[in-house]
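One structure is given here, and the rest of the page talks about it.
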Amino acid sequence: MLSLIIPVYNEEKIIRDTIKSVKTYMQNNFDDYEVLFVNDGSKDKTLQIIREFELSDARIKAVTYEQNKGKGGAVRTGVLEANGDIIFYTDCDLAYGLDVIKQGYDVFEENKDADIIIGSRRKHKDGYAGYTLFRKIMSSVSYQILKIYGGVKSSDSQSGIKGFRKDEAKKIFGLCEVNGWIFDFEALLIAQKLKYKIFEMPVKIINHRESKINPIKDSIKALRDIRKIKKRVKKLKL
């Protein structure tokens, strides 16, 4: 069984089209699946729209809470609620398309020793096609910080598409605490400490949307968070 988690926050403009696309894709490619839309305290009609689809399809599920936590909190909530043997998460704008889900699922089928699969834009020759120069620079800087200062070995820790085997996902996210966008770093740092085998899958952005991240404010906060995360993970007794 496959669980697909999609965190959402105030996405009423695109959520209906996203659900339709995901529903059609999953029906055509998987026999046993569930899609968990984790409503991260939206103030618009996002939850109402998800509920409409949930009523007509038991495989579309709304997971919701009132207080906005951040993407990390939403993904963690979804992972801990998921029932699938394989668990993937991606963004509501389907930035990497949907074919990556089946591609990643097949990688798990073919590589029985793979515990985690992460999409890597750096592994794809067109991974950053369509990015503005500024976003390319910020992505490169972020990569260097997370690799050199953070200690994460993967080539694209902040990619928005990742998959886990169930037991590994529950173990990792049961230990995670970060609610913000740097949560991927925390999850992978814990995975490394647990010595899980990580497979990198080349991906590229298909659907571009303006980033919600403030490059200066959020980068400064990220540096503080990285330091705290490293100290906490180092002390974890696993």
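Please note that chains go A, B, ... in the order of the structure tokens, that every chain numbers its residues from 1, and that ligands are numbered from 1 in the order shown.
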Spatial neighbours of range 179-182 of chain A, max dist 10 Å, only C-alpha atoms, sep filter under 2 positions, as a PDB file with C-alpha atoms, in the first residue's frame:
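part24.pdb, freshly written:
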ATOM      1  CA  ASN A  68      -0.838  26.612  11.763  1.00  0.00           C
ATOM      2  CA  LYS A  69       2.422  24.782  12.546  1.00  0.00           C
ATOM      3  CA  GLY A  70       4.435  24.908   9.347  1.00  0.00           C
ATOM      4  CA  LYS A  71       5.286  22.397   6.640  1.00  0.00           C
ATOM      5  CA  GLY A  72       7.408  20.252   8.946  1.00  0.00           C
ATOM      6  CA  GLY A  73       4.581  19.887  11.445  1.00  0.00           C
ATOM      7  CA  ALA A  74       2.132  19.028   8.674  1.00  0.00           C
ATOM      8  CA  VAL A  75       4.355  16.381   7.089  1.00  0.00           C
ATOM      9  CA  ARG A  76       5.148  14.845  10.478  1.00  0.00           C
ATOM     10  CA  LEU A 146      23.520  21.979   4.823  1.00  0.00           C
ATOM     11  CA  SER A 157      18.152  17.565   1.228  1.00  0.00           C
ATOM     12  CA  GLN A 158      15.523  20.280   0.689  1.00  0.00           C
ATOM     13  CA  CYS A 176      11.461  14.906  14.716  1.00  0.00           C
ATOM     14  CA  GLU A 177      10.458  18.174  16.355  1.00  0.00           C
ATOM     15  CA  ASP A 184      13.887  17.858   5.881  1.00  0.00           C
ATOM     16  CA  PHE A 185      17.362  18.469   7.255  1.00  0.00           C
ATOM     17  CA  GLU A 186      16.349  17.180  10.675  1.00  0.00           C
ATOM     18  CA  ALA A 187      14.733  14.061   9.196  1.00  0.00           C
ATOM     19  CA  ILE A 213      10.581  31.641   1.927  1.00  0.00           C
ATOM     20  CA  ASP A 218      14.503  32.532   6.947  1.00  0.00           C
ATOM     21  CA  SER A 219      18.178  31.824   6.180  1.00  0.00           C
ATOM     22  CA  LYS A 221      16.674  31.441  11.340  1.00  0.00           C
ATOM     23  CA  ALA A 222      17.744  28.281   9.496  1.00  0.00           C
ATOM     24  CA  LEU A 223      21.356  28.695  10.653  1.00  0.00           C
ATOM     25  CA  ASP A 225      17.885  25.918  13.750  1.00  0.00           C
ATOM     26  CA  ILE A 226      20.631  23.827  12.141  1.00  0.00           C
ATOM     27  CA  ILE A 229      19.087  20.346  15.456  1.00  0.00           C
TER      28      ILE A 229
END
_Shell around Thr77 in chain A at 10 Å using only C-alpha atoms, local window under 2 positions removed, as a list in words_ =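 Listing them by chain and then by number gives Ile5, Pro7, Leu36, Val38, Asn39, Asp40, Val63, Thr64, Tyr65, Lys71, Gly72, Gly73, Ala74, Val75, Val79, Leu80, Glu81, Ala82, Phe173 and Gly174 of chain A.
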*Taking only C-alpha atoms into account, which of A:Ala95, A:Val178, A:Leu189, A:Ala58 comes nearest Lys23 in chain A?*
A:Ala58
*Could you jot down the CA of Phe183 in chain A to CA of Ile60 in chain A separation for me, Å, one decimal place?*
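Computed distance, CA of Phe183 in chain A to CA of Ile60 in chain A, equals 24.9 Å.
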*For Gln192 in chain A, which of A:Ile172, A:Leu2, A:Ile206, A:Ile118 is the closest residue, counting only C-alpha atoms?*
A:Ile172
*Please give the complete set of residues from range 12-204 of chain A that DSSP, run on the backbone, assigns to strand (DSSP E or B), formatted as a PyMOL selection string.*
chain A and resi 33-40+60-65+86-89+116-120+162-165+198-202
Atoms kept (N, CA and C atoms) for selection, written as an mmCIF file, in the first residue's frame:
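The file below, out.cif, is the result:
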data_model
loop_
_atom_site.group_PDB
_atom_site.id
_atom_site.type_symbol
_atom_site.label_atom_id
_atom_site.label_comp_id
_atom_site.auth_asym_id
_atom_site.auth_seq_id
_atom_site.Cartn_x
_atom_site.Cartn_y
_atom_site.Cartn_z
ATOM 1 N N TYR A 33 -3.930 2.363 -2.229
ATOM 2 C CA TYR A 33 -3.289 3.637 -1.852
ATOM 3 C C TYR A 33 -4.219 4.484 -1.003
ATOM 4 N N GLU A 34 -3.660 5.515 -0.404
ATOM 5 C CA GLU A 34 -4.411 6.559 0.282
ATOM 6 C C GLU A 34 -3.682 7.874 0.050
ATOM 7 N N VAL A 35 -4.433 8.964 -0.006
ATOM 8 C CA VAL A 35 -3.836 10.291 -0.150
ATOM 9 C C VAL A 35 -4.277 11.125 1.044
ATOM 10 N N LEU A 36 -3.327 11.549 1.848
ATOM 11 C CA LEU A 36 -3.621 12.332 3.044
ATOM 12 C C LEU A 36 -3.292 13.802 2.780
ATOM 13 N N PHE A 37 -4.323 14.628 2.745
ATOM 14 C CA PHE A 37 -4.127 16.069 2.646
ATOM 15 C C PHE A 37 -4.120 16.619 4.068
ATOM 16 N N VAL A 38 -2.960 17.094 4.501
ATOM 17 C CA VAL A 38 -2.832 17.576 5.881
ATOM 18 C C VAL A 38 -3.064 19.076 5.884
ATOM 19 N N ASN A 39 -4.213 19.480 6.424
ATOM 20 C CA ASN A 39 -4.586 20.888 6.475
ATOM 21 C C ASN A 39 -3.902 21.562 7.659
ATOM 22 N N ASP A 40 -2.937 22.403 7.338
ATOM 23 C CA ASP A 40 -2.086 23.022 8.361
ATOM 24 C C ASP A 40 -2.703 24.326 8.873
ATOM 25 N N ILE A 60 -9.265 9.353 -0.343
ATOM 26 C CA ILE A 60 -8.881 10.755 -0.149
ATOM 27 C C ILE A 60 -9.221 11.122 1.287
ATOM 28 N N LYS A 61 -8.224 11.509 2.058
ATOM 29 C CA LYS A 61 -8.443 11.745 3.484
ATOM 30 C C LYS A 61 -7.950 13.137 3.901
ATOM 31 N N ALA A 62 -8.735 13.783 4.742
ATOM 32 C CA ALA A 62 -8.352 15.077 5.308
ATOM 33 C C ALA A 62 -7.840 14.860 6.729
ATOM 34 N N VAL A 63 -6.638 15.318 6.976
ATOM 35 C CA VAL A 63 -6.082 15.335 8.331
ATOM 36 C C VAL A 63 -5.948 16.800 8.684
ATOM 37 N N THR A 64 -6.537 17.238 9.783
ATOM 38 C CA THR A 64 -6.595 18.674 10.018
ATOM 39 C C THR A 64 -6.424 19.053 11.486
ATOM 40 N N TYR A 65 -5.971 20.256 11.703
ATOM 41 C CA TYR A 65 -5.889 20.860 13.034
ATOM 42 C C TYR A 65 -5.997 22.370 12.853
ATOM 43 N N ILE A 86 4.664 2.039 1.968
ATOM 44 C CA ILE A 86 5.556 3.048 1.405
ATOM 45 C C ILE A 86 4.881 4.399 1.592
ATOM 46 N N ILE A 87 5.639 5.385 2.067
ATOM 47 C CA ILE A 87 5.076 6.710 2.347
ATOM 48 C C ILE A 87 5.869 7.768 1.590
ATOM 49 N N PHE A 88 5.162 8.526 0.755
ATOM 50 C CA PHE A 88 5.769 9.645 0.032
ATOM 51 C C PHE A 88 5.115 10.946 0.465
ATOM 52 N N TYR A 89 5.853 12.044 0.351
ATOM 53 C CA TYR A 89 5.205 13.346 0.484
ATOM 54 C C TYR A 89 5.695 14.282 -0.613
ATOM 55 N N ILE A 116 15.094 4.872 2.178
ATOM 56 C CA ILE A 116 14.580 6.213 1.904
ATOM 57 C C ILE A 116 14.946 6.599 0.479
ATOM 58 N N ILE A 117 14.047 7.298 -0.185
ATOM 59 C CA ILE A 117 14.333 7.831 -1.517
ATOM 60 C C ILE A 117 14.084 9.330 -1.492
ATOM 61 N N ILE A 118 15.078 10.101 -1.926
ATOM 62 C CA ILE A 118 14.880 11.542 -1.994
ATOM 63 C C ILE A 118 15.077 12.008 -3.433
ATOM 64 N N GLY A 119 14.211 12.918 -3.861
ATOM 65 C CA GLY A 119 14.386 13.512 -5.176
ATOM 66 C C GLY A 119 15.562 14.465 -5.144
ATOM 67 N N SER A 120 16.375 14.447 -6.175
ATOM 68 C CA SER A 120 17.544 15.326 -6.226
ATOM 69 C C SER A 120 17.574 16.106 -7.531
ATOM 70 N N LYS A 162 9.987 13.123 -1.297
ATOM 71 C CA LYS A 162 10.742 12.097 -0.572
ATOM 72 C C LYS A 162 9.839 10.915 -0.269
ATOM 73 N N GLY A 163 10.450 9.736 -0.198
ATOM 74 C CA GLY A 163 9.702 8.531 0.117
ATOM 75 C C GLY A 163 10.426 7.699 1.165
ATOM 76 N N PHE A 164 9.650 6.964 1.956
ATOM 77 C CA PHE A 164 10.199 6.169 3.056
ATOM 78 C C PHE A 164 9.461 4.840 3.151
ATOM 79 N N ARG A 165 10.148 3.818 3.582
ATOM 80 C CA ARG A 165 9.450 2.614 3.996
ATOM 81 C C ARG A 165 8.778 2.921 5.337
ATOM 82 N N ILE A 198 19.946 5.547 1.973
ATOM 83 C CA ILE A 198 19.241 6.595 1.238
ATOM 84 C C ILE A 198 19.596 6.511 -0.244
ATOM 85 N N PHE A 199 18.577 6.471 -1.074
ATOM 86 C CA PHE A 199 18.749 6.418 -2.522
ATOM 87 C C PHE A 199 18.322 7.763 -3.105
ATOM 88 N N GLU A 200 19.155 8.317 -4.001
ATOM 89 C CA GLU A 200 18.823 9.604 -4.619
ATOM 90 C C GLU A 200 18.274 9.398 -6.035
ATOM 91 N N MET A 201 17.155 10.031 -6.301
ATOM 92 C CA MET A 201 16.461 9.883 -7.574
ATOM 93 C C MET A 201 16.458 11.225 -8.314
ATOM 94 N N PRO A 202 16.988 11.291 -9.529
ATOM 95 C CA PRO A 202 17.014 12.558 -10.275
ATOM 96 C C PRO A 202 15.597 13.084 -10.540
#
_At a cut-off of 10 Å, using only C-alpha atoms, what residues contact Phe30 in chain A? Leave out same-chain residues fewer than 5 positions from it and give the result as a ChimeraX atom specification._
/A:1-2,25,102,105
*Between CA of Arg59 in chain A and CA of Glu12 in chain A, what is the spacing in Å?*
20.3 Å
*If we count only C-alpha atoms, what is near Asn29 in chain A at a cut-off of 10 Å, once residues fewer than 5 positions away on the same chain are taken out, given as a list in words?*
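In the requested form, the answer reads Thr24, Asp99, Ile101 and Lys102 of chain A.
Distances to Gln103 in chain A were evaluated for A:Val203, A:Val8, A:Val152, A:Ala169 using only C-alpha atoms, and the minimum falls at A:Val203.
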*Select from range 33-184 of chain A everything DSSP, run on the backbone, classes as alpha helix (DSSP H), then give the selection as a PyMOL selection string.*
chain A and resi 46-56+71-81+99-110+133-144+166-175+183-184
*asked:* To one decimal place in Å, what is the distance between CA of Gln27 in chain A and CA of Ser56 in chain A?
replied: 14.0 Å
